[in-house]
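A.B. asks: For reference, this is coords-v4.pdb, and it has PDB, C-alpha atoms.
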```pdb
ATOM      1  CA  MET A 101     132.236  66.019  38.268
ATOM      2  CA  ARG A 102     132.197  65.888  42.086
ATOM      3  CA  ALA A 103     129.234  65.469  44.396
ATOM      4  CA  HIS A 104     128.883  67.916  47.308
ATOM      5  CA  GLY A 105     126.140  68.975  49.661
ATOM      6  CA  ILE A 106     123.198  66.690  50.237
ATOM      7  CA  LEU A 107     124.206  63.632  52.282
ATOM      8  CA  ASN A 108     121.970  61.164  50.483
ATOM      9  CA  SER A 109     123.377  62.022  47.051
ATOM     10  CA  ALA A 110     126.927  61.594  48.318
ATOM     11  CA  ARG A 111     125.994  58.238  49.855
ATOM     12  CA  CYS A 112     124.585  57.099  46.504
ATOM     13  CA  VAL A 113     127.839  57.970  44.733
ATOM     14  CA  VAL A 114     129.987  56.228  47.343
ATOM     15  CA  MET A 115     127.793  53.111  47.237
ATOM     16  CA  LEU A 116     127.985  53.134  43.445
ATOM     17  CA  ALA A 117     131.772  53.324  43.633
ATOM     18  CA  MET A 118     131.910  50.440  46.117
ATOM     19  CA  LEU A 119     129.669  48.278  43.925
ATOM     20  CA  ALA A 120     131.794  49.121  40.878
ATOM     21  CA  MET A 121     134.943  48.113  42.761
ATOM     22  CA  LEU A 122     133.373  44.797  43.766
ATOM     23  CA  ALA A 123     132.407  44.194  40.147
ATOM     24  CA  MET A 124     135.942  44.919  38.971
ATOM     25  CA  MET A 125     137.375  42.627  41.650
ATOM     26  CA  GLY A 126     135.280  39.880  40.096
ATOM     27  CA  MET A 127     136.457  40.839  36.616
ATOM     28  CA  VAL A 128     140.167  40.651  37.427
ATOM     29  CA  GLY A 129     139.864  36.938  37.971
ATOM     30  CA  LEU A 130     138.603  36.513  34.418
ATOM     31  CA  ALA A 131     141.717  37.614  32.527
ATOM     32  CA  PRO A 132     141.841  36.098  29.049
ATOM     33  CA  ALA A 133     144.296  33.305  28.358
ATOM     34  CA  PRO A 134     147.490  34.328  26.551
ATOM     35  CA  ALA A 135     147.342  34.151  22.775
ATOM     36  CA  HIS A 136     148.949  31.045  21.244
ATOM     37  CA  ALA A 137     151.497  31.293  18.483
ATOM     38  CA  GLN A 138     150.363  30.243  15.037
ATOM     39  CA  THR A 139     152.331  29.264  11.990
ATOM     40  CA  GLY A 140     153.323  31.948   9.540
ATOM     41  CA  PRO A 141     155.605  34.994   9.409
ATOM     42  CA  THR A 142     156.391  36.679  12.707
ATOM     43  CA  PHE A 143     155.311  40.274  13.079
ATOM     44  CA  GLY A 144     157.097  42.561  15.535
ATOM     45  CA  ILE A 145     156.497  46.079  16.771
ATOM     46  CA  VAL A 146     158.493  48.766  14.946
ATOM     47  CA  GLY A 147     159.734  51.840  16.836
ATOM     48  CA  ALA A 148     157.755  51.175  20.012
ATOM     49  CA  ASN A 149     158.317  49.554  23.362
ATOM     50  CA  VAL A 150     155.062  47.965  24.509
ATOM     51  CA  GLN A 151     156.445  47.506  28.032
ATOM     52  CA  LYS A 152     156.982  51.272  28.128
ATOM     53  CA  GLN A 153     153.456  51.785  26.815
ATOM     54  CA  ALA A 154     152.126  49.484  29.544
ATOM     55  CA  ASN A 155     153.766  51.753  32.135
ATOM     56  CA  ALA A 156     152.243  54.745  30.372
ATOM     57  CA  VAL A 157     148.763  53.236  30.496
ATOM     58  CA  LEU A 158     149.104  52.584  34.216
ATOM     59  CA  THR A 159     150.198  56.202  34.599
ATOM     60  CA  LEU A 160     146.962  57.204  32.853
ATOM     61  CA  MET A 161     145.087  55.052  35.361
ATOM     62  CA  SER A 162     146.653  57.167  38.104
ATOM     63  CA  PHE A 163     144.550  60.098  36.884
ATOM     64  CA  ALA A 164     141.461  57.913  37.304
ATOM     65  CA  VAL A 165     142.069  56.838  40.908
ATOM     66  CA  VAL A 166     142.578  60.332  42.398
ATOM     67  CA  PRO A 167     139.401  62.375  43.040
ATOM     68  CA  ASP A 168     140.123  65.476  40.963
ATOM     69  CA  LEU A 169     137.712  67.980  39.399
ATOM     70  CA  ALA A 170     140.340  69.405  37.027
ATOM     71  CA  SER A 171     140.908  66.120  35.158
ATOM     72  CA  SER A 172     137.515  64.515  35.815
ATOM     73  CA  SER A 173     136.276  65.249  32.295
ATOM     74  CA  LEU A 174     139.069  65.626  29.767
ATOM     75  CA  SER A 175     139.387  64.760  26.093
ATOM     76  CA  ILE A 176     142.611  65.247  24.120
ATOM     77  CA  SER A 177     142.351  64.988  20.338
ATOM     78  CA  ASN A 178     144.810  63.654  17.791
ATOM     79  CA  THR A 179     145.785  66.675  15.669
ATOM     80  CA  SER A 180     146.200  64.557  12.517
ATOM     81  CA  THR A 181     142.753  62.934  12.686
ATOM     82  CA  ASP A 182     140.899  65.379  14.971
ATOM     83  CA  ASN A 183     139.527  62.338  16.818
ATOM     84  CA  PRO A 184     139.900  61.855  20.579
ATOM     85  CA  ALA A 185     143.127  59.984  21.323
ATOM     86  CA  LEU A 186     142.593  60.201  25.069
ATOM     87  CA  THR A 187     139.418  60.473  27.116
ATOM     88  CA  LEU A 188     139.210  60.777  30.919
ATOM     89  CA  TRP A 189     135.922  60.610  32.842
ATOM     90  CA  GLN A 190     135.306  60.458  36.576
ATOM     91  CA  LEU A 191     132.352  60.570  39.001
ATOM     92  CA  GLY A 192     132.953  60.834  42.736
ATOM     93  CA  GLY A 193     131.642  62.080  46.044
ATOM     94  CA  GLY A 194     132.188  62.026  49.777
ATOM     95  CA  PHE A 195     130.395  62.754  53.026
ATOM     96  CA  THR A 196     130.849  62.872  56.802
ATOM     97  CA  LEU A 197     128.341  60.779  58.763
ATOM     98  CA  SER A 198     127.680  63.409  61.436
ATOM     99  CA  GLN A 199     129.420  65.947  63.661
ATOM    100  CA  SER A 200     129.039  63.629  66.654
ATOM    101  CA  PHE A 201     130.579  60.693  64.731
ATOM    102  CA  PRO A 202     132.776  62.342  62.049
ATOM    103  CA  LEU A 203     133.627  59.266  59.989
ATOM    104  CA  TYR A 204     134.316  60.362  56.414
ATOM    105  CA  LEU A 205     133.603  58.085  53.438
ATOM    106  CA  GLU A 206     134.333  58.743  49.773
ATOM    107  CA  GLY A 207     134.229  56.871  46.517
ATOM    108  CA  SER A 208     134.839  57.428  42.828
ATOM    109  CA  ILE A 209     134.548  55.502  39.580
ATOM    110  CA  ALA A 210     136.379  56.414  36.401
ATOM    111  CA  TYR A 211     136.784  55.454  32.763
ATOM    112  CA  ASN A 212     139.778  56.213  30.526
ATOM    113  CA  ARG A 213     140.220  55.503  26.833
ATOM    114  CA  TYR A 214     143.609  55.682  25.138
ATOM    115  CA  ASP A 215     144.080  55.060  21.398
ATOM    116  CA  PRO A 216     147.780  54.684  20.474
ATOM    117  CA  THR A 217     148.855  53.428  17.050
ATOM    118  CA  PHE A 218     151.704  50.940  16.542
ATOM    119  CA  VAL A 219     153.388  49.612  13.420
ATOM    120  CA  ALA A 220     153.913  45.877  12.966
ATOM    121  CA  SER A 221     156.388  44.463  10.459
ATOM    122  CA  ASN A 222     157.809  41.057   9.479
ATOM    123  CA  GLY A 223     160.683  42.632   7.543
ATOM    124  CA  GLN A 224     158.851  42.625   4.236
ATOM    125  CA  GLU A 225     155.486  44.252   4.894
ATOM    126  CA  THR A 226     154.227  46.644   7.526
ATOM    127  CA  ARG A 227     150.781  47.367   8.931
ATOM    128  CA  LYS A 228     149.505  50.050  11.261
ATOM    129  CA  LEU A 229     147.903  48.656  14.419
ATOM    130  CA  PRO A 230     145.389  51.115  15.850
ATOM    131  CA  THR A 231     144.857  49.878  19.395
ATOM    132  CA  LYS A 232     142.132  50.789  21.831
ATOM    133  CA  TRP A 233     142.909  50.611  25.551
ATOM    134  CA  ASN A 234     139.979  51.041  27.901
ATOM    135  CA  THR A 235     140.525  51.574  31.614
ATOM    136  CA  PHE A 236     137.969  51.159  34.400
ATOM    137  CA  ALA A 237     138.973  52.104  37.933
ATOM    138  CA  GLY A 238     137.359  52.582  41.309
ATOM    139  CA  THR A 239     138.642  54.162  44.510
ATOM    140  CA  VAL A 240     137.222  54.209  48.036
ATOM    141  CA  GLY A 241     138.424  56.201  51.006
ATOM    142  CA  VAL A 242     137.854  56.111  54.760
ATOM    143  CA  GLY A 243     138.841  59.053  56.950
ATOM    144  CA  TRP A 244     138.140  60.935  60.130
ATOM    145  CA  ASP A 245     137.403  64.640  60.703
ATOM    146  CA  PHE A 246     139.431  66.474  63.345
ATOM    147  CA  PRO A 247     137.877  69.937  63.973
ATOM    148  CA  LEU A 248     140.394  72.794  64.106
ATOM    149  CA  ILE A 249     137.973  75.463  65.361
ATOM    150  CA  ASP A 250     135.026  75.366  67.791
ATOM    151  CA  SER A 251     132.403  75.831  65.064
ATOM    152  CA  LYS A 252     133.714  72.685  63.305
ATOM    153  CA  GLU A 253     133.577  74.537  59.989
ATOM    154  CA  LEU A 254     137.299  73.852  59.454
ATOM    155  CA  VAL A 255     138.509  70.250  59.783
ATOM    156  CA  PHE A 256     141.701  68.299  59.174
ATOM    157  CA  ARG A 257     140.901  65.002  57.462
ATOM    158  CA  PRO A 258     143.368  62.117  56.976
ATOM    159  CA  ILE A 259     142.042  59.471  54.556
ATOM    160  CA  PHE A 260     143.082  55.911  53.724
ATOM    161  CA  ASN A 261     142.530  55.116  50.021
ATOM    162  CA  ALA A 262     142.345  51.819  48.133
ATOM    163  CA  SER A 263     141.912  51.421  44.386
ATOM    164  CA  ILE A 264     141.413  48.676  41.846
ATOM    165  CA  GLY A 265     141.360  48.916  38.074
ATOM    166  CA  ARG A 266     141.534  47.018  34.828
ATOM    167  CA  VAL A 267     142.971  47.907  31.428
ATOM    168  CA  ALA A 268     141.722  45.937  28.429
ATOM    169  CA  SER A 269     143.428  46.194  25.039
ATOM    170  CA  ASP A 270     141.771  45.547  21.706
ATOM    171  CA  LEU A 271     143.381  45.617  18.266
ATOM    172  CA  SER A 272     141.444  47.003  15.310
ATOM    173  CA  VAL A 273     143.450  45.305  12.556
ATOM    174  CA  ALA A 274     142.915  43.219   9.466
ATOM    175  CA  LYS A 275     142.413  39.494  10.021
ATOM    176  CA  PHE A 276     145.815  38.636   8.564
ATOM    177  CA  ALA A 277     147.606  40.387  11.437
ATOM    178  CA  VAL A 278     145.799  38.359  14.080
ATOM    179  CA  GLU A 279     146.289  35.074  12.231
ATOM    180  CA  HIS A 280     150.034  35.518  11.823
ATOM    181  CA  VAL A 281     150.979  37.010  15.168
ATOM    182  CA  THR A 282     153.664  35.197  17.173
ATOM    183  CA  ASP A 283     155.312  38.240  18.741
ATOM    184  CA  GLN A 284     154.694  38.517  22.504
ATOM    185  CA  GLU A 285     154.247  42.283  22.373
ATOM    186  CA  ILE A 286     151.499  42.058  19.761
ATOM    187  CA  ALA A 287     149.903  39.274  21.799
ATOM    188  CA  PHE A 288     149.635  41.734  24.656
ATOM    189  CA  LEU A 289     148.036  44.343  22.388
ATOM    190  CA  ASP A 290     145.539  41.852  20.940
ATOM    191  CA  ASN A 291     142.887  41.385  23.645
ATOM    192  CA  GLY A 292     145.507  41.701  26.367
ATOM    193  CA  ALA A 293     144.612  42.856  29.866
ATOM    194  CA  MET A 294     146.256  44.448  32.857
ATOM    195  CA  ASN A 295     144.815  44.530  36.350
ATOM    196  CA  ALA A 296     146.081  46.942  38.977
ATOM    197  CA  TYR A 297     145.567  47.696  42.619
ATOM    198  CA  GLY A 298     146.533  50.774  44.564
ATOM    199  CA  LEU A 299     147.043  51.663  48.212
ATOM    200  CA  GLY A 300     147.760  55.050  49.683
ATOM    201  CA  GLY A 301     146.173  57.972  51.410
ATOM    202  CA  SER A 302     145.215  61.618  51.423
ATOM    203  CA  VAL A 303     145.286  64.558  53.787
ATOM    204  CA  MET A 304     142.729  67.323  53.484
ATOM    205  CA  LEU A 305     141.838  70.686  54.979
ATOM    206  CA  ASP A 306     138.108  71.245  54.496
ATOM    207  CA  TRP A 307     136.297  74.509  55.260
ATOM    208  CA  GLU A 308     132.505  74.577  54.867
ATOM    209  CA  SER A 309     130.621  77.710  55.869
ATOM    210  CA  HIS A 310     126.884  77.740  55.212
ATOM    211  CA  ARG A 311     124.772  80.851  55.795
ATOM    212  CA  ASN A 312     121.377  81.969  54.533
ATOM    213  CA  GLU A 313     123.021  84.596  52.345
ATOM    214  CA  ARG A 314     125.791  82.359  50.940
ATOM    215  CA  ASP A 315     127.541  78.972  51.035
ATOM    216  CA  VAL A 316     131.322  78.598  50.834
ATOM    217  CA  ASP A 317     133.210  75.300  50.354
ATOM    218  CA  VAL A 318     137.024  75.186  50.188
ATOM    219  CA  GLU A 319     139.146  72.016  50.083
ATOM    220  CA  LEU A 320     142.934  71.720  50.056
ATOM    221  CA  ARG A 321     144.045  68.131  49.414
ATOM    222  CA  TYR A 322     147.144  66.039  48.755
ATOM    223  CA  THR A 323     146.759  62.432  47.549
ATOM    224  CA  ASN A 324     149.417  59.747  47.090
ATOM    225  CA  ILE A 325     148.340  56.310  45.801
ATOM    226  CA  TYR A 326     150.850  53.710  44.597
ATOM    227  CA  LEU A 327     149.580  51.514  41.744
ATOM    228  CA  ARG A 328     150.969  48.102  40.844
ATOM    229  CA  SER A 329     149.843  45.714  38.105
ATOM    230  CA  PHE A 330     148.991  42.034  38.443
ATOM    231  CA  GLY A 331     147.519  39.337  36.214
ATOM    232  CA  THR A 332     148.917  40.951  33.056
ATOM    233  CA  THR A 333     148.798  39.200  29.679
ATOM    234  CA  GLY A 334     152.287  38.292  28.468
ATOM    235  CA  GLY A 335     153.824  38.767  31.898
ATOM    236  CA  MET A 336     154.281  42.517  31.437
ATOM    237  CA  ASN A 337     154.242  44.306  34.778
ATOM    238  CA  ALA A 338     154.030  47.997  35.513
ATOM    239  CA  SER A 339     153.807  50.430  38.396
ATOM    240  CA  ALA A 340     152.973  54.105  38.821
ATOM    241  CA  ALA A 341     152.521  56.656  41.581
ATOM    242  CA  ALA A 342     149.467  58.922  41.633
ATOM    243  CA  GLN A 343     150.502  62.113  43.415
ATOM    244  CA  THR A 344     148.224  65.133  43.183
ATOM    245  CA  ALA A 345     147.855  68.338  45.177
ATOM    246  CA  SER A 346     144.589  70.157  44.551
ATOM    247  CA  LEU A 347     142.575  73.170  45.630
ATOM    248  CA  TYR A 348     138.805  73.325  45.168
ATOM    249  CA  ALA A 349     136.582  76.303  46.034
ATOM    250  CA  ARG A 350     132.902  77.026  45.432
ATOM    251  CA  TRP A 351     130.733  80.049  46.282
ATOM    252  CA  ARG A 352     126.928  79.943  46.070
ATOM    253  CA  ALA A 353     124.628  82.888  46.756
ATOM    254  CA  PRO A 354     121.087  84.040  45.804
ATOM    255  CA  THR A 355     120.677  85.991  42.576
ATOM    256  CA  GLY A 356     117.549  87.824  43.766
ATOM    257  CA  LEU A 357     115.434  85.782  41.369
ATOM    258  CA  ARG A 358     113.021  83.017  42.324
ATOM    259  CA  ALA A 359     111.966  79.862  40.543
ATOM    260  CA  LEU A 360     110.011  76.810  41.711
ATOM    261  CA  ASP A 361     109.113  78.765  44.909
ATOM    262  CA  ARG A 362     112.760  78.960  45.950
ATOM    263  CA  PRO A 363     115.637  81.439  45.418
ATOM    264  CA  VAL A 364     117.794  80.927  42.333
ATOM    265  CA  ARG A 365     121.478  80.853  43.242
ATOM    266  CA  TYR A 366     124.506  81.681  41.175
ATOM    267  CA  VAL A 367     127.566  79.457  41.461
ATOM    268  CA  LEU A 368     131.258  80.347  41.171
ATOM    269  CA  GLU A 369     133.887  77.589  41.076
ATOM    270  CA  LEU A 370     137.670  77.404  41.060
ATOM    271  CA  SER A 371     139.911  74.344  41.078
ATOM    272  CA  HIS A 372     143.623  73.891  40.607
ATOM    273  CA  SER A 373     145.553  70.608  40.507
ATOM    274  CA  HIS A 374     149.301  70.086  40.447
ATOM    275  CA  TYR A 375     150.624  66.673  39.411
ATOM    276  CA  PHE A 376     153.815  65.078  40.713
ATOM    277  CA  GLY A 377     155.714  61.844  40.170
ATOM    278  CA  ASN A 378     154.690  59.767  37.157
ATOM    279  CA  GLN A 379     151.754  62.059  36.453
ATOM    280  CA  ALA A 380     153.898  65.178  35.929
ATOM    281  CA  GLY A 381     154.132  65.809  32.187
ATOM    282  CA  ALA A 382     152.572  62.453  31.262
ATOM    283  CA  LEU A 383     149.862  64.209  29.249
ATOM    284  CA  GLY A 384     151.934  67.251  28.339
ATOM    285  CA  PHE A 385     151.057  69.284  31.429
ATOM    286  CA  SER A 386     151.951  69.292  35.117
ATOM    287  CA  GLN A 387     149.027  71.386  36.329
ATOM    288  CA  LEU A 388     145.424  72.162  35.396
ATOM    289  CA  THR A 389     143.130  74.986  36.457
ATOM    290  CA  THR A 390     139.380  75.331  35.991
ATOM    291  CA  VAL A 391     137.148  78.348  36.531
ATOM    292  CA  GLY A 392     133.394  78.035  36.273
ATOM    293  CA  THR A 393     130.117  79.830  36.717
ATOM    294  CA  GLY A 394     126.521  78.694  36.616
ATOM    295  CA  LEU A 395     123.092  78.616  38.219
ATOM    296  CA  GLU A 396     121.470  76.379  40.809
ATOM    297  CA  LEU A 397     117.737  75.662  41.098
ATOM    298  CA  ASP A 398     116.217  74.514  44.391
ATOM    299  CA  THR A 399     113.402  72.037  43.709
ATOM    300  CA  SER A 400     112.824  70.990  47.336
ATOM    301  CA  ALA A 401     109.461  72.800  47.504
ATOM    302  CA  HIS A 402     107.975  70.339  45.009
ATOM    303  CA  GLU A 403     107.546  66.590  45.047
ATOM    304  CA  VAL A 404     110.367  65.633  42.724
ATOM    305  CA  PHE A 405     113.157  63.141  43.346
ATOM    306  CA  VAL A 406     115.920  65.763  43.182
ATOM    307  CA  THR A 407     116.333  68.681  45.597
ATOM    308  CA  ARG A 408     118.809  70.797  43.631
ATOM    309  CA  ILE A 409     119.882  71.039  40.003
ATOM    310  CA  ARG A 410     123.088  72.855  39.120
ATOM    311  CA  GLY A 411     124.581  73.691  35.717
ATOM    312  CA  VAL A 412     128.120  75.096  35.467
ATOM    313  CA  PHE A 413     130.165  76.241  32.462
ATOM    314  CA  ARG A 414     133.891  75.709  33.009
ATOM    315  CA  TYR A 415     137.053  76.876  31.285
ATOM    316  CA  VAL A 416     140.019  74.533  31.697
ATOM    317  CA  PHE A 417     143.613  75.570  31.047
ATOM    318  CA  GLY A 418     147.141  74.418  31.802
ATOM    319  CA  ASN A 419     150.478  73.760  30.129
ATOM    320  CA  ASN A 420     149.749  73.212  26.418
ATOM    321  CA  VAL A 421     146.033  72.570  27.016
ATOM    322  CA  HIS A 422     142.806  74.556  27.237
ATOM    323  CA  GLY A 423     139.130  73.959  26.610
ATOM    324  CA  LEU A 424     135.515  74.463  27.642
ATOM    325  CA  SER A 425     133.050  72.146  29.337
ATOM    326  CA  PHE A 426     129.550  72.121  30.771
ATOM    327  CA  GLY A 427     128.685  70.188  33.907
ATOM    328  CA  LEU A 428     125.208  69.226  35.113
ATOM    329  CA  ALA A 429     124.753  68.004  38.686
ATOM    330  CA  ALA A 430     121.799  66.946  40.826
ATOM    331  CA  SER A 431     121.396  66.473  44.570
ATOM    332  CA  PHE A 432     118.920  63.929  45.890
TER
END
```
As structure tokens, what does this structure read like?

C.D. replies:
Amino acid sequence: MRAHGILNSARCVVMLAMLAMLAMMGMVGLAPAPAHAQTGPTFGIVGANVQKQANAVLTLMSFAVVPDLASSSLSISNTSTDNPALTLWQLGGGFTLSQSFPLYLEGSIAYNRYDPTFVASNGQETRKLPTKWNTFAGTVGVGWDFPLIDSKELVFRPIFNASIGRVASDLSVAKFAVEHVTDQEIAFLDNGAMNAYGLGGSVMLDWESHRNERDVDVELRYTNIYLRSFGTTGGMNASAAAQTASLYARWRAPTGLRALDRPVRYVLELSHSHYFGNQAGALGFSQLTTVGTGLELDTSAHEVFVTRIRGVFRYVFGNNVHGLSFGLAASF
């Protein structure tokens, strides 16, 4: 979900993202101490490379640090259990201070959950280790609008981006596995943690045309943020590049109906994202497209704390993936 339109609502989202980043910066200094070896049989990972999985998890974080409507709400299920094996969630927004001082600020916060399953064995017995990796990430951006036409409806916007995130791993295993673990890879899986920071930037073409009869917003954006881990349990390090090119378009116009003493508008949305670098094919697809339609209610004529409420049904499709979603947004 992305915030557009009312300046105050965008400011709230950006402030929330900044506060979340500060909170995570405090968390990264609290990494748990490495697990100590205990007596007993040594269990090792069978048929899996945890270092490779650590790189994969950081690649998943790359989807969280790039503002992207197409992957902002995505759940991929395990076909054998029909339970979500991967969940992506993101909230973000941005705004320009004013036309006279066109400083652009943006922020986003995101949560990912990844549930891989490993097999541990000591040569005599084996146990499945269903892990749960939770990722929290925040990104802020600072840019400047350079108008390309006199009306300032079309601007070129370079943006500097900085990100910080944390991956925490938690084993859901029987007590015997924890008590007899001496393998470094399992130690990383059992309450291990990975912190990551990212630096990079974006370039954007933004066209906003607002008329009484309709509103049009179109954004063409390319983002490149390089992520690198630090403070990782077990000394496992990873890196990933978040490279995404995206197109976002929205059309809003009156339906001819009225509600709450204001016109009811219909909404049409289109977004398309193409993923490069480590992101390409990481989840089985290299591009995602969403099309959506919905209605928007204007509540500004009444004394309520929101000015607009918008509900949009979206269809998402790409290589080997498709699905439906419903988004609810509010402007303050």

A.B. asks: Using only C-alpha atoms, which of A:Ser373, A:Thr187, A:Ser400, A:Asn337 sits nearest Leu158 (chain A)?

C.D. replies: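 Closest to Leu158 (chain A), using only C-alpha atoms: A:Asn337.
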
A.B. asks: Under the rule that only C-alpha atoms are counted, which of A:Gly427, A:Gly243, A:Gly298, A:Pro258 is the nearest residue to Gly394 (chain A)?

C.D. replies: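 Under the stated criterion, the closest residue is A:Gly427.
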
A.B. asks: Show which residues sit within 10 Å of Tyr211 (chain A), as a ChimeraX atom specification. Count only C-alpha atoms, and ignore same-chain residues fewer than 2 positions away.

C.D. replies: /A:161,163-165,172-173,187-191,209,213,234-238,265-267

A.B. asks: Any chance you could tabulate, as a tab-separated table, the residues of region 382-429 of chain A at most 8 Å from region 348-363 of chain A with each one's nearest atom pair and distance in Å to one decimal, using all atoms listed in the file, in chain and rising number order?

C.D. replies:
```
residue	atom	partner	partner_atom	distance
A:Leu397	CA	A:Ala359	CA	7.2
A:Asp398	CA	A:Arg362	CA	5.8
A:Thr399	CA	A:Leu360	CA	6.2
A:Ala401	CA	A:Asp361	CA	6.5
A:His402	CA	A:Leu360	CA	7.5
```

A.B. asks: Run through the PyMOL selection byres ((chain A and resi 378) around 7) on the given coordinates and return the selected residues as a PyMOL selection string.

C.D. replies: chain A and resi 159+340-342+376-377+379-380+382

A.B. asks: In Å, rounded to a single decimal, give me how far CA of Leu388 (chain A) is from CA of Val421 (chain A).

C.D. replies: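 CA of Leu388 (chain A) lies 8.4 Å from CA of Val421 (chain A).
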
A.B. asks: Enumerate, as a PyMOL selection string, the residues matched when the PyMOL selection byres ((chain A and resi 323) around 6) is run on the file above.

C.D. replies: chain A and resi 301-302+322+324+343-344

A.B. asks: Run through the PyMOL selection byres ((chain A and resi 417) around 9) on the given coordinates and return the selected residues as a VMD selection string.

C.D. replies: chain A and resid 387 to 391 415 to 416 418 to 424

A.B. asks: Quote the spacing between CA of Phe260 (chain A) and CA of Ala210 (chain A) in Å to one decimal place.

C.D. replies: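 Taking CA of Phe260 (chain A) as the start and CA of Ala210 (chain A) as the end point, the length is 18.6 Å.
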
A.B. asks: What is the CA of Phe405 (chain A) to CA of Ala429 (chain A) distance in Å?

C.D. replies: 13.4 Å

A.B. asks: Restricting the calculation to only C-alpha atoms, which member of A:Val404, A:Ile325, A:Glu396, A:Ala345 is positioned closest to Leu428 (chain A)?

C.D. replies: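 When distances to Leu428 (chain A) are compared using only C-alpha atoms, the smallest one comes from A:Glu396.
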
A.B. asks: Find the residue from A:Ala170, A:Val242, A:Lys232, A:Thr393 that sits nearest to Phe195 (chain A); use all atoms listed in the file when measuring.

C.D. replies: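 Smallest separation from Phe195 (chain A) among the options: A:Val242.
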